[in-house]
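What follows is a set of notes on a single structure, which appears directly below.
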Amino acid sequence: MSGTLIRTNTLTHSSPIEVYHHNQDGDPLAINVTIRQDPLSVTLDGSAIFALAILLILSIHVLEPTTVASFIGLATVVVFIHNDYQNYLKLGPGGTPATFPGYIRINWLKLWACRDPFNPLPADPGVQPTTGILRRKPLPYRCGLRPKVVGIAPQRQVNQFGSRECYLALRRILENHGSRNPEEVGIGTSCFEKHGLGLFSRYPFNKTCQGEICHVHNSDYSMHLNLHPDDVKEVLEKGWGQRHPLTNQCLLKMPVPKQFTMVYAPRSMDELKVVCQIIEAAGWWVTAKEMKLDVMENM
C-alpha cells in the first residue's frame, strides 16, 4: 500500500548529465546531457501512512488546531524548497554559485524578472548604432516549437538539445575567428557565466561584461549574446531565442544588459549557419563594426 503526492505543473526529463569529454585545457567539449527538472513528490508506504495518521490524530487532541496546521504548512514549505533547490542545482554551473545563498539570490531576482520573454524591448531612440544589422538579411523562421527553457542564472534548455557536431563546429568557428583577428577580439571564459567559451571585443563600443559578445553553454549547447534591440526583435519573432529574464527594466540594477538574449542550441548545420549570423549581429552591436565569421571552413 502506498500514497503519492505529486505537483504536476513541472515537466520531468530523464537522465542528468552523463558523459564528459575534455580537451587539453580541461574544458568540456561534449556532454551527453538531459537537464532534469523533477516534480515535487512524496511517496509513503503503508507503515508510514499509518504512523502519519496516528501522529495527526494525537496532535489534534494534544495541540491547538492552529498549531497543527502551522506544522503541516511548514513541512510543506520545507519539502517544496528542497525540491526547488535540487532542481536549481541540476541546471549545472552558471553565473550564480550553486549554493543555497545563490539559490536565495536567484529567487529574489525572480521577483523582478521579465514575465514575457518573447515581448520585444521597448524602442530606444538614443541607441547607437541606430538600427540593427539583421534587417539587411532577415533570419529564416526556426522550424518547430520553441524548446522548454528554465532558470535565470543559469538559464538552460531542458529539451531540443543541439548536436555535439554543431557545438564543436561552433567552438571552432569562434576560436578560429579569435586567432585570426587578435587585434579586435579575444577568446576566453565567459564573464557573465564564469563558465563556457566566450568571444570578447577588445574595444567595445557598447559596454558589456568586459566586452563580451557571446558565450556558449557546454551543457545544453545554447548561448547568450548581446544584440541591438532591433535584432533582439528579429530573433524573437523568427523563433531563434528569447530574452533573458533579468532584462526587465526596474528599479533594481540587473546583472545583465537589457539586450542580453538567449539563442537556442543549433540542431543542424543549417541552423548553425543562422546562429552564426546572429553572432555576427552581436558583434555589430558590441563593436559598432561588421564582424564576419568564417562558417563554411569550420563546419
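Just remember, in the C-alpha cells the first chain shown is A, the second B, etc., residues are 1-based per chain, and ligands are 1-based in the order shown.
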
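For A:His177, the non-local neighbours within 9 Å, defined as residues at least 5 positions apart in the same chain or in other chains and counting only C-alpha atoms, are Arg172, Pro182, Val185, Gly186, Ile187, Lys292, Leu293 and Asp294 of chain A.
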
Could you pull the residues within 12 Å of A:Lys194, counting only C-alpha atoms, minus those fewer than 6 positions along the same chain, as JSON, numbers by chain?
-> {"A": [93, 94, 95, 96, 97, 153, 154, 188, 209, 212, 215, 216, 217]}

Do you know which residues are at most 10 Å from stretch 104-114 of chain A counting only C-alpha atoms, after dropping those on the same chain fewer than 4 positions away, and could you put them as a ChimeraX atom specification?
-> /A:85,88,96-97,99-100,118-119,151-154,243-252,254-255

Select from stretch 110-261 of chain A everything DSSP, run on the backbone, classes as helix (DSSP H, G or I), then give the selection as number ranges by chain.
-> A: 110, 164-180, 209-211, 229-237, 245-247

If you keep N, CA, C and O atoms, can you produce a file of those selected residues as a CSV table (one decimal), in the first residue's frame?
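Writing done, so here's part20.csv:
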```csv
chain,number,residue,atom,x,y,z
A,110,LYS,N,14.1,36.7,-9.1
A,110,LYS,CA,12.9,36.2,-9.9
A,110,LYS,C,11.7,37.1,-9.7
A,110,LYS,O,10.8,37.2,-10.5
A,164,ARG,N,26.2,17.4,-30.9
A,164,ARG,CA,27.6,17.6,-30.5
A,164,ARG,C,28.4,18.1,-31.6
A,164,ARG,O,29.3,19.0,-31.5
A,165,GLU,N,28.1,17.7,-32.9
A,165,GLU,CA,28.8,18.1,-34.0
A,165,GLU,C,28.7,19.6,-34.2
A,165,GLU,O,29.6,20.4,-34.5
A,166,CYS,N,27.4,20.1,-34.0
A,166,CYS,CA,27.2,21.6,-34.2
A,166,CYS,C,27.9,22.4,-33.1
A,166,CYS,O,28.5,23.4,-33.4
A,167,TYR,N,27.9,21.8,-31.9
A,167,TYR,CA,28.6,22.5,-30.8
A,167,TYR,C,30.1,22.6,-31.0
A,167,TYR,O,30.7,23.7,-30.9
A,168,LEU,N,30.7,21.5,-31.5
A,168,LEU,CA,32.1,21.5,-31.7
A,168,LEU,C,32.5,22.4,-32.9
A,168,LEU,O,33.5,23.1,-32.9
A,169,ALA,N,31.6,22.4,-33.9
A,169,ALA,CA,31.8,23.3,-35.1
A,169,ALA,C,31.7,24.8,-34.6
A,169,ALA,O,32.5,25.6,-35.1
A,170,LEU,N,30.8,25.1,-33.8
A,170,LEU,CA,30.6,26.5,-33.3
A,170,LEU,C,31.9,26.9,-32.5
A,170,LEU,O,32.3,28.0,-32.6
A,171,ARG,N,32.4,26.0,-31.7
A,171,ARG,CA,33.6,26.3,-30.9
A,171,ARG,C,34.7,26.6,-31.9
A,171,ARG,O,35.5,27.6,-31.7
A,172,ARG,N,34.9,25.8,-32.9
A,172,ARG,CA,36.0,26.0,-33.9
A,172,ARG,C,35.8,27.4,-34.6
A,172,ARG,O,36.8,28.1,-34.8
A,173,ILE,N,34.6,27.7,-34.9
A,173,ILE,CA,34.3,29.0,-35.6
A,173,ILE,C,34.8,30.1,-34.7
A,173,ILE,O,35.4,31.1,-35.2
A,174,LEU,N,34.4,30.1,-33.5
A,174,LEU,CA,34.7,31.2,-32.6
A,174,LEU,C,36.2,31.3,-32.3
A,174,LEU,O,36.8,32.3,-32.3
A,175,GLU,N,36.8,30.1,-32.0
A,175,GLU,CA,38.2,30.1,-31.7
A,175,GLU,C,39.1,30.5,-32.9
A,175,GLU,O,40.0,31.3,-32.7
A,176,ASN,N,38.7,30.1,-34.1
A,176,ASN,CA,39.5,30.5,-35.3
A,176,ASN,C,39.3,32.0,-35.6
A,176,ASN,O,40.2,32.6,-36.0
A,177,HIS,N,38.1,32.5,-35.3
A,177,HIS,CA,37.9,33.9,-35.5
A,177,HIS,C,38.7,34.7,-34.5
A,177,HIS,O,39.3,35.7,-34.9
A,178,GLY,N,38.8,34.2,-33.3
A,178,GLY,CA,39.7,34.9,-32.3
A,178,GLY,C,41.1,34.9,-32.7
A,178,GLY,O,41.9,35.9,-32.6
A,179,SER,N,41.6,33.7,-33.2
A,179,SER,CA,43.0,33.6,-33.5
A,179,SER,C,43.4,34.4,-34.8
A,179,SER,O,44.5,34.8,-34.9
A,180,ARG,N,42.4,34.6,-35.7
A,180,ARG,CA,42.7,35.3,-36.9
A,180,ARG,C,42.5,36.8,-36.8
A,180,ARG,O,43.0,37.6,-37.6
A,209,CYS,N,29.9,43.0,-20.2
A,209,CYS,CA,30.8,42.5,-19.2
A,209,CYS,C,32.2,42.2,-19.9
A,209,CYS,O,32.3,41.2,-20.6
A,210,GLN,N,33.1,43.1,-19.7
A,210,GLN,CA,34.4,43.0,-20.3
A,210,GLN,C,34.4,42.9,-21.8
A,210,GLN,O,35.2,42.2,-22.4
A,211,GLY,N,33.4,43.5,-22.4
A,211,GLY,CA,33.3,43.5,-23.9
A,211,GLY,C,32.8,42.1,-24.4
A,211,GLY,O,33.0,41.9,-25.6
A,229,PRO,N,18.5,46.2,-30.1
A,229,PRO,CA,17.1,46.0,-29.8
A,229,PRO,C,16.3,45.6,-31.1
A,229,PRO,O,15.4,44.7,-31.0
A,230,ASP,N,16.7,46.1,-32.3
A,230,ASP,CA,16.0,45.7,-33.5
A,230,ASP,C,16.3,44.2,-33.8
A,230,ASP,O,15.4,43.5,-34.2
A,231,ASP,N,17.5,43.8,-33.5
A,231,ASP,CA,17.9,42.4,-33.8
A,231,ASP,C,17.4,41.5,-32.7
A,231,ASP,O,17.1,40.3,-33.1
A,232,VAL,N,17.2,41.9,-31.5
A,232,VAL,CA,16.5,41.1,-30.5
A,232,VAL,C,15.1,40.8,-31.0
A,232,VAL,O,14.6,39.7,-30.9
A,233,LYS,N,14.4,41.8,-31.5
A,233,LYS,CA,13.0,41.6,-32.0
A,233,LYS,C,13.0,40.6,-33.1
A,233,LYS,O,12.1,39.8,-33.2
A,234,GLU,N,14.0,40.7,-34.0
A,234,GLU,CA,14.0,39.7,-35.2
A,234,GLU,C,14.3,38.3,-34.7
A,234,GLU,O,13.6,37.4,-35.1
A,235,VAL,N,15.1,38.1,-33.7
A,235,VAL,CA,15.4,36.8,-33.1
A,235,VAL,C,14.1,36.3,-32.5
A,235,VAL,O,13.8,35.1,-32.6
A,236,LEU,N,13.4,37.1,-31.7
A,236,LEU,CA,12.2,36.7,-31.0
A,236,LEU,C,11.1,36.3,-32.0
A,236,LEU,O,10.5,35.2,-31.9
A,237,GLU,N,10.9,37.1,-33.0
A,237,GLU,CA,9.8,36.9,-34.0
A,237,GLU,C,10.0,35.7,-34.8
A,237,GLU,O,9.1,35.0,-35.2
A,245,PRO,N,15.5,36.5,-18.5
A,245,PRO,CA,14.5,37.0,-17.6
A,245,PRO,C,14.9,38.3,-16.9
A,245,PRO,O,14.1,39.1,-16.5
A,246,LEU,N,16.3,38.6,-16.7
A,246,LEU,CA,16.7,39.7,-16.0
A,246,LEU,C,16.9,41.0,-16.9
A,246,LEU,O,17.5,41.9,-16.5
A,247,THR,N,16.4,40.9,-18.1
A,247,THR,CA,16.4,42.1,-19.0
A,247,THR,C,15.3,43.0,-18.7
A,247,THR,O,15.1,44.1,-19.4
```

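The residue that comes closest to A:Gln86, out of A:Gln37, A:His61, A:Leu121, A:Thr130 and on the basis of only C-alpha atoms, is A:Gln37.
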
Determine which residues of stretch 13-174 of chain A DSSP labels as strand (DSSP E or B) from the backbone of this structure, then write them out as a VMD selection string.
-> chain A and resid 19 to 22 28 to 32 40 to 45 149 to 151 155 to 157

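Checking A:Gln155, A:Gln128, A:Gln242, A:Ser222 one by one against A:Val286, counting only C-alpha atoms, you find the shortest gap at A:Gln128.
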
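The smallest atom-to-atom distance between A:Ser219 and any of A:Pro39, A:Pro266, A:Pro204, A:Gly92, using only C-alpha atoms, is found for A:Gly92.
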
Within 10 Å of A:Asp84, counting only C-alpha atoms, which residues qualify if same-chain residues fewer than 6 places away don't, as a list in words?
-> Gln37, Asp38, Pro39, Leu40, Val78, Lys90 and Tyr103 of chain A

Save out the residues we just selected, N, CA and C atoms, as a short mmCIF file (atom, residue, chain, number, x, y, z; two decimals), in the first residue's frame.
```cif
data_model
loop_
_atom_site.label_atom_id
_atom_site.label_comp_id
_atom_site.auth_asym_id
_atom_site.auth_seq_id
_atom_site.Cartn_x
_atom_site.Cartn_y
_atom_site.Cartn_z
N GLN A 37 14.44 18.33 -14.50
CA GLN A 37 13.70 19.12 -13.52
C GLN A 37 12.60 18.23 -12.95
N ASP A 38 12.76 17.81 -11.70
CA ASP A 38 11.87 16.84 -11.11
C ASP A 38 10.64 17.50 -10.49
N PRO A 39 9.47 16.85 -10.61
CA PRO A 39 8.28 17.36 -9.92
C PRO A 39 8.40 17.12 -8.43
N LEU A 40 7.60 17.87 -7.68
CA LEU A 40 7.55 17.68 -6.23
C LEU A 40 6.73 16.43 -5.93
N VAL A 78 8.99 23.36 3.51
CA VAL A 78 10.34 22.79 3.54
C VAL A 78 10.53 21.80 2.39
N LYS A 90 20.50 21.13 -10.46
CA LYS A 90 20.55 20.28 -11.65
C LYS A 90 20.71 21.07 -12.94
N TYR A 103 20.94 30.29 -4.49
CA TYR A 103 19.54 29.98 -4.75
C TYR A 103 18.62 31.07 -4.21
#
```

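Candidate residues A:Ser59, A:Asn218, A:Thr43, A:Ser70 were compared for distance to A:Ser163, and the nearest is A:Asn218, using only C-alpha atoms.
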
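The shortest atom-to-atom distance to A:Leu55, with only C-alpha atoms taken into account, belongs to A:Val68 out of A:Ala265, A:Gly239, A:Val68, A:Val79.
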
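Among A:Gly144, A:Met296, A:Ile81, A:Lys289, the residue with the shortest atom-to-atom distance to A:Gly132, counting only C-alpha atoms, is A:Lys289.
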
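When atom CA of A:Arg146 is paired with atom CA of A:Asp220, their separation reads 14.3 Å.
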